[in-house]
>>> print(open('final_39.txt').read())   # compact mmCIF, C-alpha atoms
# COMPACT_ATOMS: atom_id res chain seq x y z
CA MET A 1 12.41 2.16 13.02
CA ARG A 2 9.26 0.40 14.13
CA ASN A 3 6.89 1.46 16.84
CA PRO A 4 8.40 0.03 20.05
CA VAL A 5 5.37 -2.02 20.92
CA LEU A 6 5.08 -5.62 19.86
CA SER A 7 2.00 -7.46 18.78
CA LEU A 8 -1.09 -6.52 20.79
CA ALA A 9 -3.19 -9.49 21.76
CA CYS A 10 -3.89 -11.64 24.77
CA LEU A 11 -6.06 -14.48 23.62
CA VAL A 12 -4.82 -17.51 21.70
CA LEU A 13 -7.54 -18.62 19.31
CA PRO A 14 -7.73 -22.37 18.79
CA CYS A 15 -8.13 -22.37 15.02
CA SER A 16 -7.49 -18.95 13.53
CA ILE A 17 -4.52 -17.43 15.32
CA ILE A 18 -3.71 -13.90 14.21
CA LEU A 19 -0.59 -11.89 14.89
CA SER A 20 -1.30 -8.16 15.03
CA CYS A 21 1.44 -5.55 14.88
CA SER A 22 1.77 -1.92 15.85
CA SER A 23 -0.27 0.78 14.17
CA SER A 24 2.67 1.72 11.97
CA HIS A 25 2.24 -1.57 10.10
CA LYS A 26 -1.35 -1.41 8.84
CA LYS A 27 -0.41 -3.14 5.59
CA GLU A 28 1.26 -5.93 7.56
CA ASN A 29 -1.87 -6.27 9.71
CA VAL A 30 -4.04 -6.90 6.67
CA THR A 31 -1.72 -9.66 5.53
CA ALA A 32 -1.59 -11.20 9.00
CA ALA A 33 -5.36 -11.13 9.34
CA LYS A 34 -5.66 -13.37 6.28
CA ASP A 35 -3.14 -15.92 7.53
CA SER A 36 -4.62 -18.38 10.00
CA THR A 37 -1.25 -20.03 10.64
CA LEU A 38 0.17 -17.15 12.65
CA ILE A 39 0.55 -17.36 16.41
CA GLN A 40 -0.76 -14.49 18.45
CA LEU A 41 1.87 -13.22 20.84
CA PRO A 42 0.83 -11.80 24.21
CA ALA A 43 0.44 -8.08 24.69
CA PRO A 44 3.46 -6.28 26.15
CA LYS A 45 3.24 -5.80 29.88
CA GLU A 46 2.50 -2.34 31.17
CA ILE A 47 5.50 -0.19 31.92
CA SER A 48 5.36 3.34 33.26
CA PRO A 49 6.70 6.19 31.13
CA PHE A 50 9.10 7.03 33.96
CA GLU A 51 10.59 3.51 34.04
CA LYS A 52 10.73 3.30 30.27
CA ASN A 53 12.52 6.64 29.96
CA ALA A 54 14.95 5.77 32.74
CA LEU A 55 15.79 2.43 31.15
CA ALA A 56 16.14 4.01 27.72
CA ALA A 57 18.58 6.58 29.11
CA SER A 58 20.65 3.81 30.72
CA CYS A 59 20.66 1.87 27.46
CA GLN A 60 21.80 4.94 25.54
CA ARG A 61 24.71 5.47 27.93
CA TRP A 62 25.60 1.78 27.67
CA TYR A 63 25.49 1.92 23.88
CA ASP A 64 27.54 5.10 23.70
CA SER A 65 30.24 3.76 26.02
CA LEU A 66 30.34 0.13 24.89
CA LEU A 67 29.41 -0.21 21.21
CA ASP A 68 29.31 3.08 19.38
CA LYS A 69 33.03 3.75 19.65
CA THR A 70 34.20 0.27 18.66
CA GLY A 71 33.39 0.28 14.96
CA PHE A 72 30.12 -1.53 15.64
CA ASN A 73 28.12 -2.21 12.48
CA GLY A 74 24.78 -3.84 13.16
CA ALA A 75 21.63 -3.76 15.26
CA VAL A 76 20.72 -3.47 18.95
CA LEU A 77 17.42 -4.01 20.72
CA VAL A 78 16.61 -3.95 24.42
CA ALA A 79 13.14 -4.81 25.70
CA LYS A 80 11.34 -5.03 29.04
CA GLY A 81 8.13 -6.99 29.30
CA GLY A 82 7.87 -7.10 25.52
CA ASN A 83 8.18 -3.34 25.20
CA ILE A 84 11.05 -2.16 23.07
CA ILE A 85 12.80 0.45 25.17
CA PHE A 86 15.90 0.89 23.05
CA GLU A 87 16.57 0.09 19.40
CA LYS A 88 19.51 1.20 17.30
CA TYR A 89 20.81 0.45 13.81
CA LYS A 90 24.23 1.49 12.64
CA GLY A 91 26.13 1.05 9.42
CA THR A 92 25.49 -0.73 6.14
CA GLY A 93 25.19 -4.32 5.01
CA HIS A 94 28.14 -3.83 2.65
CA LEU A 95 30.69 -1.54 4.23
CA ASN A 96 31.02 1.84 2.53
CA ALA A 97 27.87 1.15 0.49
CA SER A 98 24.34 2.57 0.65
CA ASP A 99 22.44 -0.50 1.93
CA THR A 100 21.72 0.88 5.40
CA ILE A 101 21.08 -1.72 8.10
CA THR A 102 17.45 -1.43 9.23
CA ASP A 103 14.84 -3.42 11.13
CA THR A 104 14.39 -5.63 8.05
CA THR A 105 18.07 -6.47 7.45
CA PRO A 106 18.78 -10.12 8.35
CA LEU A 107 22.19 -10.76 9.90
CA HIS A 108 23.94 -14.06 10.63
CA ILE A 109 23.68 -14.86 14.34
CA ALA A 110 26.27 -17.67 14.28
CA SER A 111 26.01 -19.94 17.34
CA VAL A 112 22.94 -18.15 18.66
CA SER A 113 21.37 -20.40 15.99
CA LYS A 114 21.91 -23.28 18.43
CA THR A 115 19.10 -21.97 20.63
CA ILE A 116 16.68 -22.46 17.74
CA THR A 117 18.04 -25.87 16.79
CA ALA A 118 17.81 -27.06 20.38
CA MET A 119 14.25 -25.88 20.79
CA ALA A 120 13.31 -27.56 17.50
CA ILE A 121 14.54 -30.88 18.90
CA LEU A 122 12.74 -30.26 22.20
CA LYS A 123 9.55 -29.46 20.27
CA LEU A 124 9.80 -32.82 18.52
CA ALA A 125 10.33 -34.46 21.92
CA GLN A 126 7.40 -32.56 23.43
CA ASP A 127 5.23 -33.75 20.54
CA GLY A 128 6.20 -37.36 21.27
CA LYS A 129 8.24 -37.86 18.11
CA LEU A 130 11.49 -38.67 19.89
CA ASN A 131 12.99 -39.10 23.33
CA ILE A 132 16.06 -37.00 24.08
CA ASP A 133 17.57 -39.89 26.02
CA ASP A 134 17.48 -42.07 22.92
CA GLU A 135 20.86 -42.85 21.46
CA PHE A 136 21.48 -41.05 18.18
CA SER A 137 22.09 -44.46 16.59
CA LYS A 138 18.40 -45.30 17.06
CA TYR A 139 17.67 -42.94 14.18
CA PHE A 140 20.96 -43.43 12.31
CA PRO A 141 21.85 -47.11 12.86
CA GLU A 142 25.24 -46.83 11.15
CA PHE A 143 26.35 -44.17 13.67
CA ASN A 144 28.92 -46.23 15.60
CA TYR A 145 29.37 -44.11 18.74
CA PRO A 146 27.72 -45.95 21.65
CA GLY A 147 26.45 -43.75 24.45
CA VAL A 148 25.94 -40.62 22.36
CA THR A 149 22.37 -39.62 23.10
CA ILE A 150 20.31 -36.73 21.83
CA ARG A 151 20.69 -35.15 25.26
CA THR A 152 24.49 -35.32 25.13
CA LEU A 153 24.42 -33.66 21.73
CA LEU A 154 22.20 -30.89 23.09
CA ASN A 155 24.35 -30.23 26.16
CA HIS A 156 27.76 -30.68 24.47
CA ARG A 157 28.70 -33.76 26.46
CA SER A 158 28.80 -36.20 23.54
CA GLY A 159 32.57 -36.49 23.40
CA LEU A 160 32.55 -35.97 19.65
CA PRO A 161 35.33 -33.91 18.04
CA ASN A 162 34.70 -30.71 16.11
CA TYR A 163 34.09 -31.09 12.39
CA LEU A 164 35.60 -27.64 11.86
CA TYR A 165 38.98 -29.27 12.38
CA PHE A 166 38.82 -32.99 11.71
CA MET A 167 37.29 -32.60 8.24
CA GLU A 168 40.29 -30.51 7.18
CA ASP A 169 42.74 -32.73 9.05
CA LEU A 170 41.51 -35.75 7.12
CA GLY A 171 41.90 -34.08 3.76
CA TRP A 172 38.54 -32.63 2.83
CA ASP A 173 38.69 -30.88 -0.55
CA LYS A 174 38.28 -27.24 0.46
CA SER A 175 36.94 -26.31 -2.95
CA VAL A 176 33.77 -28.26 -2.04
CA TYR A 177 31.24 -27.09 0.54
CA ILE A 178 30.75 -29.51 3.43
CA LYS A 179 27.14 -30.57 4.03
CA ASN A 180 25.69 -31.96 7.24
CA GLU A 181 25.45 -35.40 5.62
CA ASP A 182 29.18 -35.30 4.94
CA ILE A 183 29.96 -34.79 8.61
CA LEU A 184 27.86 -37.81 9.57
CA ALA A 185 29.41 -39.93 6.82
CA TRP A 186 32.96 -39.08 7.88
CA LEU A 187 32.18 -39.76 11.53
CA ILE A 188 30.90 -43.19 10.53
CA ASN A 189 33.35 -44.18 7.83
CA ARG A 190 36.53 -42.62 9.14
CA LYS A 191 36.14 -43.10 12.87
CA ALA A 192 39.50 -44.86 13.12
CA ASP A 193 41.23 -41.79 11.67
CA ILE A 194 39.50 -39.15 13.80
CA PRO A 195 41.45 -38.01 16.89
CA ASN A 196 40.15 -36.79 20.23
CA ILE A 197 36.99 -38.87 20.50
CA ALA A 198 36.03 -38.85 24.18
CA THR A 199 33.69 -40.92 26.31
CA PRO A 200 30.14 -39.54 26.18
CA GLY A 201 28.82 -37.84 29.29
CA LYS A 202 32.18 -37.34 30.99
CA HIS A 203 32.69 -33.61 30.48
CA PHE A 204 31.49 -30.52 28.64
CA THR A 205 33.22 -29.70 25.37
CA TYR A 206 31.50 -27.10 23.23
CA CYS A 207 31.37 -28.71 19.79
CA ASN A 208 29.62 -27.66 16.60
CA THR A 209 29.42 -31.26 15.38
CA ASN A 210 26.68 -31.88 17.93
CA TYR A 211 24.33 -29.36 16.38
CA ALA A 212 25.09 -30.33 12.79
CA LEU A 213 23.92 -33.83 13.74
CA LEU A 214 20.84 -32.50 15.53
CA ALA A 215 19.79 -30.71 12.34
CA LEU A 216 20.00 -34.03 10.49
CA LEU A 217 17.86 -35.61 13.20
CA ALA A 218 15.22 -32.90 12.81
CA GLU A 219 15.18 -33.57 9.08
CA LYS A 220 14.78 -37.31 9.57
CA ILE A 221 11.91 -36.96 12.03
CA SER A 222 10.10 -34.14 10.23
CA HIS A 223 10.58 -35.53 6.70
CA SER A 224 11.58 -32.08 5.50
CA SER A 225 14.77 -30.10 5.09
CA PHE A 226 16.01 -28.34 8.19
CA PRO A 227 15.50 -24.84 6.68
CA GLU A 228 11.90 -25.77 5.77
CA PHE A 229 11.25 -27.33 9.16
CA ILE A 230 12.43 -24.27 11.07
CA GLN A 231 10.54 -21.95 8.73
CA ASN A 232 7.28 -23.85 9.13
CA THR A 233 7.62 -24.64 12.84
CA PHE A 234 8.89 -21.32 14.18
CA PHE A 235 9.57 -18.49 11.77
CA LYS A 236 6.35 -18.43 9.77
CA PRO A 237 3.93 -19.06 12.70
CA LEU A 238 5.66 -16.39 14.80
CA GLY A 239 5.67 -13.79 12.05
CA MET A 240 9.47 -13.76 11.91
CA GLN A 241 9.27 -12.50 8.35
CA HIS A 242 12.96 -11.67 7.96
CA SER A 243 14.37 -14.91 9.40
CA PHE A 244 15.62 -17.98 7.58
CA VAL A 245 18.13 -20.80 7.69
CA PHE A 246 20.72 -20.12 5.02
CA THR A 247 20.93 -22.25 1.90
CA HIS A 248 23.01 -21.74 -1.22
CA ALA A 249 20.00 -20.06 -2.86
CA ASP A 250 20.31 -17.23 -0.33
CA SER A 251 23.91 -16.37 -1.25
CA ALA A 252 23.09 -13.22 -3.22
CA ARG A 253 20.78 -11.69 -0.63
CA VAL A 254 22.79 -11.93 2.58
CA CYS A 255 25.14 -9.33 4.01
CA PRO A 256 28.82 -10.27 3.90
CA SER A 257 30.98 -10.11 7.00
CA TYR A 258 34.11 -8.14 7.82
CA ASP A 259 36.93 -8.38 10.30
CA TRP A 260 37.51 -5.65 12.88
CA ARG A 261 39.63 -3.72 10.38
CA GLY A 262 36.77 -3.67 7.88
CA GLN A 263 38.32 -6.21 5.53
CA LEU A 264 35.90 -8.55 3.76
CA ILE A 265 35.99 -12.16 4.96
CA PRO A 266 35.25 -14.57 2.11
CA THR A 267 33.08 -17.64 2.50
CA ASN A 268 34.77 -21.03 2.74
CA PHE A 269 34.08 -24.76 2.64
CA LEU A 270 32.42 -24.70 6.08
CA ASP A 271 29.72 -22.20 5.22
CA HIS A 272 26.87 -24.50 4.19
CA VAL A 273 26.54 -26.51 7.40
CA TYR A 274 23.49 -25.58 9.46
CA GLY A 275 22.15 -26.37 12.92
CA ASP A 276 25.26 -25.06 14.63
CA LYS A 277 24.99 -21.75 12.74
CA ASN A 278 23.47 -20.22 9.59
CA VAL A 279 20.31 -18.64 10.97
CA TYR A 280 19.85 -15.12 9.59
CA THR A 281 17.43 -12.91 11.48
CA THR A 282 16.75 -9.41 12.82
CA VAL A 283 16.66 -8.07 16.36
CA GLU A 284 12.88 -7.59 16.15
CA ASP A 285 12.37 -11.14 14.94
CA LEU A 286 14.55 -12.45 17.78
CA LEU A 287 12.38 -10.52 20.20
CA ARG A 288 9.37 -12.35 18.79
CA TRP A 289 11.23 -15.62 19.41
CA ASP A 290 11.94 -14.50 22.96
CA ARG A 291 8.28 -13.62 23.57
CA ALA A 292 7.11 -16.96 22.21
CA LEU A 293 9.47 -18.78 24.58
CA ARG A 294 8.20 -16.80 27.56
CA CYS A 295 4.46 -17.21 27.06
CA ASN A 296 4.10 -21.01 26.74
CA LEU A 297 2.60 -20.83 23.25
CA LEU A 298 5.04 -23.32 21.76
CA PHE A 299 6.52 -25.07 24.77
CA THR A 300 5.27 -26.39 28.07
CA PRO A 301 6.85 -25.15 31.30
CA ALA A 302 8.37 -28.62 31.73
CA THR A 303 10.13 -28.39 28.37
CA LEU A 304 11.51 -24.95 29.17
CA THR A 305 12.69 -26.10 32.59
CA GLU A 306 14.57 -28.93 30.88
CA ALA A 307 16.15 -26.50 28.44
CA TYR A 308 17.36 -24.20 31.21
CA THR A 309 18.67 -26.94 33.52
CA PRO A 310 22.47 -26.75 34.00
CA TYR A 311 24.31 -29.88 32.90
CA SER A 312 27.96 -28.91 33.30
CA ASN A 313 28.63 -28.72 37.00
CA GLU A 314 32.11 -30.23 37.23
CA LYS A 315 33.89 -26.90 37.16
CA PRO A 316 33.46 -24.03 39.64
CA GLY A 317 32.19 -20.67 38.46
CA VAL A 318 28.94 -19.10 37.37
CA ARG A 319 28.94 -20.30 33.76
CA ASN A 320 27.04 -23.40 32.71
CA TYR A 321 25.20 -24.94 29.77
CA GLY A 322 21.70 -26.33 29.44
CA LEU A 323 20.10 -27.77 26.33
CA GLY A 324 21.11 -25.25 23.70
CA TRP A 325 21.39 -22.37 26.16
CA ARG A 326 24.31 -20.89 28.03
CA MET A 327 23.60 -19.57 31.46
CA ASN A 328 25.19 -17.74 34.32
CA ILE A 329 24.04 -19.07 37.68
CA TYR A 330 24.99 -16.68 40.46
CA PRO A 331 25.48 -17.53 44.14
CA ASN A 332 22.42 -15.42 44.95
CA GLY A 333 20.27 -17.78 42.86
CA LYS A 334 19.84 -15.54 39.85
CA LYS A 335 20.02 -17.24 36.46
CA LEU A 336 20.89 -15.38 33.28
CA ILE A 337 20.02 -17.26 30.07
CA TYR A 338 21.94 -16.39 26.92
CA HIS A 339 23.98 -17.48 23.94
CA ASN A 340 26.74 -15.77 22.01
CA GLY A 341 27.80 -16.40 18.45
CA TRP A 342 30.81 -15.85 16.21
CA TRP A 343 31.29 -16.87 12.60
CA HIS A 344 33.73 -15.08 10.29
CA GLY A 345 33.07 -11.40 11.02
CA TYR A 346 29.53 -11.92 12.26
CA ASN A 347 28.97 -11.96 15.98
CA ALA A 348 25.91 -11.77 18.16
CA SER A 349 24.63 -11.89 21.73
CA PHE A 350 21.14 -12.91 22.83
CA ILE A 351 20.56 -12.33 26.56
CA ARG A 352 17.38 -13.14 28.49
CA LEU A 353 16.68 -12.15 32.09
CA LEU A 354 13.76 -14.44 32.89
CA ASP A 355 12.76 -13.00 36.28
CA GLU A 356 12.81 -9.41 35.04
CA ASP A 357 11.32 -10.26 31.62
CA ALA A 358 14.12 -8.29 29.97
CA THR A 359 15.90 -9.02 26.71
CA ILE A 360 19.17 -7.72 25.25
CA ILE A 361 19.94 -8.48 21.60
CA VAL A 362 23.02 -7.33 19.71
CA MET A 363 24.20 -8.52 16.30
CA GLY A 364 26.66 -7.25 13.72
CA ASN A 365 28.55 -8.17 10.57
CA LYS A 366 31.81 -6.41 11.41
CA PHE A 367 33.56 -8.21 14.21
CA THR A 368 33.91 -6.46 17.55
CA LYS A 369 34.58 -8.06 20.92
CA ALA A 370 32.38 -5.39 22.48
CA ILE A 371 29.29 -7.40 21.57
CA TYR A 372 30.35 -10.04 24.08
CA LYS A 373 30.22 -7.42 26.81
CA SER A 374 26.49 -6.91 26.31
CA LYS A 375 25.77 -8.57 29.65
CA THR A 376 27.14 -5.45 31.34
CA LEU A 377 23.66 -3.99 30.79
CA ALA A 378 22.00 -6.70 32.91
CA PRO A 379 22.44 -4.90 36.28
CA VAL A 380 20.23 -2.09 34.96
CA PHE A 381 17.32 -4.53 35.27
CA GLY A 382 18.34 -6.14 38.54
CA ALA A 383 21.01 -5.32 41.06
CA ASN A 384 21.53 -9.02 41.72
CA TYR A 385 23.27 -9.53 38.39
CA VAL A 386 27.03 -9.35 38.74
CA VAL A 387 29.08 -9.10 35.58
CA GLY A 388 32.81 -8.94 35.22
CA GLU A 389 35.80 -10.37 33.45
CA GLU A 390 34.28 -13.81 33.00
CA GLU A 391 31.40 -12.34 31.03
CA GLU A 392 33.59 -9.98 29.05
CA ASN A 393 35.75 -12.84 27.80
CA ASP A 394 32.80 -15.03 26.90
CA ASN A 395 33.71 -15.18 23.21
CA LYS A 396 36.34 -17.73 24.25
CA THR A 397 33.71 -20.42 24.46
CA GLU A 398 35.02 -23.31 22.47
CA THR A 399 37.23 -26.13 23.66
CA VAL A 400 39.24 -27.50 20.74
CA SER A 401 42.16 -29.78 20.22
CA PRO A 402 45.56 -28.32 19.39
CA ALA A 403 46.02 -27.84 15.69
CA SER A 404 48.75 -26.62 13.45
CA GLY A 405 48.56 -24.66 10.25
CA ASN A 406 47.57 -21.10 9.50
CA THR A 407 44.24 -22.04 7.92
CA LYS A 408 42.87 -23.68 11.05
CA LYS A 409 44.09 -20.91 13.27
CA LYS A 410 42.10 -18.47 11.18
CA VAL A 411 39.01 -20.68 11.35
CA ARG A 412 39.39 -20.97 15.09
CA ARG A 413 39.39 -17.20 15.41
CA ARG A 414 36.29 -16.94 13.29
CA ARG A 415 34.14 -19.59 14.91
CA LYS A 416 33.32 -19.53 18.58
>>> encode(input="final_39.txt", output="C-alpha cells")
Amino acid sequence: MRNPVLSLACLVLPCSIILSCSSSHKKENVTAAKDSTLIQLPAPKEISPFEKNALAASCQRWYDSLLDKTGFNGAVLVAKGGNIIFEKYKGTGHLNASDTITDTTPLHIASVSKTITAMAILKLAQDGKLNIDDEFSKYFPEFNYPGVTIRTLLNHRSGLPNYLYFMEDLGWDKSVYIKNEDILAWLINRKADIPNIATPGKHFTYCNTNYALLALLAEKISHSSFPEFIQNTFFKPLGMQHSFVFTHADSARVCPSYDWRGQLIPTNFLDHVYGDKNVYTTVEDLLRWDRALRCNLLFTPATLTEAYTPYSNEKPGVRNYGLGWRMNIYPNGKKLIYHNGWWHGYNASFIRLLDEDATIIVMGNKFTKAIYKSKTLAPVFGANYVVGEEEENDNKTETVSPASGNTKKKVRRRRK
C-alpha cells in the first residue's frame, strides 16, 4: 500500500509542470521529473494526528460492519483534504487465483465513468470548442431529434431511449459488439421503429445513450478517439498511470467480474460502448481526479458550478442530477456530490463532500449492494449529512421502459 500522502506541491509551473509523489515512490519521481506534461497537484491540507486517527478508526468500523462481511472483493479509499486516512484492498482480480488486488489493479467503475465523460465535454466547452446549449445535430446533421442539446444529454433530459434495450429489441446481432457509431446510426436510420422517444427537456430519465453520444461528440471535436482524448486530456497529465478507457486491445489485461455468488459473468455485445461506462481505474487514481477537480487546475469555478447545478427538480426528495454528477441536496443546504456505477458484476461508488474536502471511493468486481451504502460514512465528516433508505437503495437509478425476455432482465440487473 502506498504512503497515504498524495503529491506534495503547491505551485503550478506555467511550462514544466511536475507531479511529485510520496517518498515511497522515488523511481516514480524520477520519471515524473522528466515529463513536462504532468500537472502538479496541490499539497494535502494539514490534518492533526488526532483527527486522522479518529477518522481512520471510524472508517475501519464502517468497513468492518458494511463491506468486509458481504463478500466484498475490491478496493476502498477514504481521504480528507487530500490525505489518505483509510485504504483497503481485498481479494483477487480472478476469484480463487493469486492476482491480489492492489493499488495498481484497475477495476471497471461502470457509470462512475460518466463523471469523466461529462467533464471532458465541459472542458471542450470551457476551451471554446463547443457550446453545451448547441443542439447535437449541429455536429451530427443527420441526427433527426430536434431539441436534443448537449446539455440535455449531460443531464439526462434528452428524452432518448436506452440503447441497452432498443438495440436488442430491433434485432441487433448479439454475436457482434455494438460500437458507439452503431447507436447513432440506429437512432438516425431506425427512428420510426424505436419506442419511448420523449420530448427533450420535459423530465429526467437516466439513459446510457446520452453518454455514448457524448463520447462521439468528444471524438468529433478533438479529432481523436475517445480513449486517446481522455488519456491525453486527463489521465496522463494527472499521473493517473493505471487508468484507461477500455478498448478491445485491453481484453486480456482487465479483471473479469462476478455476481454476488462468485460466478463469472461473461462479456456480451454491449461491452465495447464507452462514454457511459468502460473506464478502468484505481482508487488512488480516482483520488487524483478528485484533487484535480477541487483545485481549479483543469476547470474554472464557473465550469464546476455548472456541473454541480441540479437540473431535475420536478420530484420531491434530496436526490438530483447535475451535468454528469448525482447529488443529494439536503434541506439544511448541504450538497453531497457523487456517482454510483454498476455493470455486470462490477460496481463502484465515488462520493465527494465538497465543504469538508472529504472523498469516499469504493470499487469492486464481485457484485455487492453494500457498495451503494458507502454514503453512510458521510456523517463522520459532518453531522449535517443525513443518510437513510433513499441512499441505501441508490443502485436503483435507471428509469427504463418495460421489457420482456430473460436476456433483457439480466442486462437490466447488471447495468444501473
>>> closest_residue(input="final_39.txt", among="A:Thr359, A:Asn384, A:Ser158, A:Ser98", to="Lys335 of chain A", atoms="only C-alpha atoms")
A:Asn384
>>> closest_residue(input="final_39.txt", among="A:Gly364, A:Gly171, A:Gly345, A:Pro44", to="Trp260 of chain A", atoms="all atoms listed in the file")
A:Gly345
>>> residues_around(input="final_39.txt", residues="Pro310 of chain A", least_positions_apart="4", cutoff="7 Å", atoms="all atoms listed in the file", output="ChimeraX atom specification")
/A:320-322
>>> residues_around(input="final_39.txt", residues="Thr92 of chain A", least_positions_apart="5", cutoff="8 Å", atoms="only C-alpha atoms", output="PyMOL selection string")
chain A and resi 73-74+97-101
>>> closest_atom_pairs(input="final_39.txt", of="segment 29-110 of chain A", to="segment 238-241 of chain A", cutoff="8 Å", atoms="only C-alpha atoms", output="tab-separated table")
residue	atom	partner	partner_atom	distance
A:Leu38	CA	A:Leu238	CA	5.9
A:Ile39	CA	A:Leu238	CA	5.4
A:Gln40	CA	A:Leu238	CA	7.6
A:Leu41	CA	A:Leu238	CA	7.8
>>> write_last_selection(input="final_39.txt", atoms="C-alpha atoms", output="PDB file, in the frame of the given file")
ATOM      1  CA  LEU A  38       0.170 -17.150  12.650  1.00  0.00           C
ATOM      2  CA  ILE A  39       0.550 -17.360  16.410  1.00  0.00           C
ATOM      3  CA  GLN A  40      -0.760 -14.490  18.450  1.00  0.00           C
ATOM      4  CA  LEU A  41       1.870 -13.220  20.840  1.00  0.00           C
TER       5      LEU A  41
END
>>> closest_residue(input="final_39.txt", among="A:Ile188, A:Leu213, A:Leu95, A:Leu336", to="Thr152 of chain A", atoms="all atoms listed in the file")
A:Leu213
>>> closest_residue(input="final_39.txt", among="A:Tyr274, A:Trp343, A:Tyr280, A:Phe72", to="Tyr177 of chain A", atoms="all atoms listed in the file")
A:Tyr274
>>> atom_distance(input="final_39.txt", atom1="atom CA of Lys366 of chain A", atom2="atom CA of Phe246 of chain A")
18.8 Å
>>> closest_residue(input="final_39.txt", among="A:Ser65, A:Gln126, A:Thr117, A:Asn96", to="Thr303 of chain A", atoms="all atoms listed in the file")
A:Gln126
>>> atom_distance(input="final_39.txt", atom1="atom CA of Thr281 of chain A", atom2="atom CA of Tyr258 of chain A")
17.7 Å
>>> closest_residue(input="final_39.txt", among="A:Leu264, A:Asp182, A:Asp259, A:Glu306", to="Lys369 of chain A", atoms="only C-alpha atoms")
A:Asp259
>>> residues_around(input="final_39.txt", residues="His344 of chain A", least_positions_apart="2", cutoff="12 Å", atoms="all atoms listed in the file", output="ChimeraX atom specification")
/A:108-111,256-260,263-268,270-271,277-278,341-342,346-348,364-368,410-416
>>> write_last_selection(input="final_39.txt", atoms="C-alpha atoms", output="CSV table (one decimal), in the coordinates of the input")
chain,number,residue,atom,x,y,z
A,108,HIS,CA,23.9,-14.1,10.6
A,109,ILE,CA,23.7,-14.9,14.3
A,110,ALA,CA,26.3,-17.7,14.3
A,111,SER,CA,26.0,-19.9,17.3
A,256,PRO,CA,28.8,-10.3,3.9
A,257,SER,CA,31.0,-10.1,7.0
A,258,TYR,CA,34.1,-8.1,7.8
A,259,ASP,CA,36.9,-8.4,10.3
A,260,TRP,CA,37.5,-5.6,12.9
A,263,GLN,CA,38.3,-6.2,5.5
A,264,LEU,CA,35.9,-8.6,3.8
A,265,ILE,CA,36.0,-12.2,5.0
A,266,PRO,CA,35.2,-14.6,2.1
A,267,THR,CA,33.1,-17.6,2.5
A,268,ASN,CA,34.8,-21.0,2.7
A,270,LEU,CA,32.4,-24.7,6.1
A,271,ASP,CA,29.7,-22.2,5.2
A,277,LYS,CA,25.0,-21.8,12.7
A,278,ASN,CA,23.5,-20.2,9.6
A,341,GLY,CA,27.8,-16.4,18.4
A,342,TRP,CA,30.8,-15.8,16.2
A,346,TYR,CA,29.5,-11.9,12.3
A,347,ASN,CA,29.0,-12.0,16.0
A,348,ALA,CA,25.9,-11.8,18.2
A,364,GLY,CA,26.7,-7.2,13.7
A,365,ASN,CA,28.6,-8.2,10.6
A,366,LYS,CA,31.8,-6.4,11.4
A,367,PHE,CA,33.6,-8.2,14.2
A,368,THR,CA,33.9,-6.5,17.6
A,410,LYS,CA,42.1,-18.5,11.2
A,411,VAL,CA,39.0,-20.7,11.4
A,412,ARG,CA,39.4,-21.0,15.1
A,413,ARG,CA,39.4,-17.2,15.4
A,414,ARG,CA,36.3,-16.9,13.3
A,415,ARG,CA,34.1,-19.6,14.9
A,416,LYS,CA,33.3,-19.5,18.6
>>> atom_distance(input="final_39.txt", atom1="atom CA of Gly382 of chain A", atom2="atom CA of Leu107 of chain A")
29.3 Å
>>> residues_around(input="final_39.txt", residues="Ala54 of chain A", least_positions_apart="5", cutoff="12 Å", atoms="only C-alpha atoms", output="list in words")
Ile47, Ser48, Pro49, Cys59, Gln60, Arg61, Lys80, Ile85, Phe86, Val380 and Phe381 of chain A
>>> residues_around(input="final_39.txt", residues="Ala215 of chain A", least_positions_apart="4", cutoff="10 Å", atoms="all atoms listed in the file", output="PDB file with C-alpha atoms, in the frame of the given file")
ATOM      1  CA  LYS A 114      21.910 -23.280  18.430  1.00  0.00           C
ATOM      2  CA  THR A 117      18.040 -25.870  16.790  1.00  0.00           C
ATOM      3  CA  ALA A 118      17.810 -27.060  20.380  1.00  0.00           C
ATOM      4  CA  ALA A 120      13.310 -27.560  17.500  1.00  0.00           C
ATOM      5  CA  ILE A 121      14.540 -30.880  18.900  1.00  0.00           C
ATOM      6  CA  ASN A 180      25.690 -31.960   7.240  1.00  0.00           C
ATOM      7  CA  GLU A 181      25.450 -35.400   5.620  1.00  0.00           C
ATOM      8  CA  ASN A 210      26.680 -31.880  17.930  1.00  0.00           C
ATOM      9  CA  TYR A 211      24.330 -29.360  16.380  1.00  0.00           C
ATOM     10  CA  GLU A 219      15.180 -33.570   9.080  1.00  0.00           C
ATOM     11  CA  LYS A 220      14.780 -37.310   9.570  1.00  0.00           C
ATOM     12  CA  SER A 225      14.770 -30.100   5.090  1.00  0.00           C
ATOM     13  CA  PHE A 226      16.010 -28.340   8.190  1.00  0.00           C
ATOM     14  CA  PRO A 227      15.500 -24.840   6.680  1.00  0.00           C
ATOM     15  CA  PHE A 229      11.250 -27.330   9.160  1.00  0.00           C
ATOM     16  CA  ILE A 230      12.430 -24.270  11.070  1.00  0.00           C
ATOM     17  CA  VAL A 273      26.540 -26.510   7.400  1.00  0.00           C
ATOM     18  CA  TYR A 274      23.490 -25.580   9.460  1.00  0.00           C
ATOM     19  CA  GLY A 275      22.150 -26.370  12.920  1.00  0.00           C
ATOM     20  CA  ASP A 276      25.260 -25.060  14.630  1.00  0.00           C
TER      21      ASP A 276
END
>>> residues_near_point(input="final_39.txt", point="(17.3, -26.1, 29.8)", cutoff="12 Å", atoms="only C-alpha atoms", output="ChimeraX atom specification")
/A:115,118-119,122,151,154-155,293,299,301-312,320-327,335-338
>>> residues_near_point(input="final_39.txt", point="(12.3, -18.8, 6.2)", cutoff="8 Å", atoms="all atoms listed in the file", output="ChimeraX atom specification")
/A:227-228,230-232,235-236,241-245
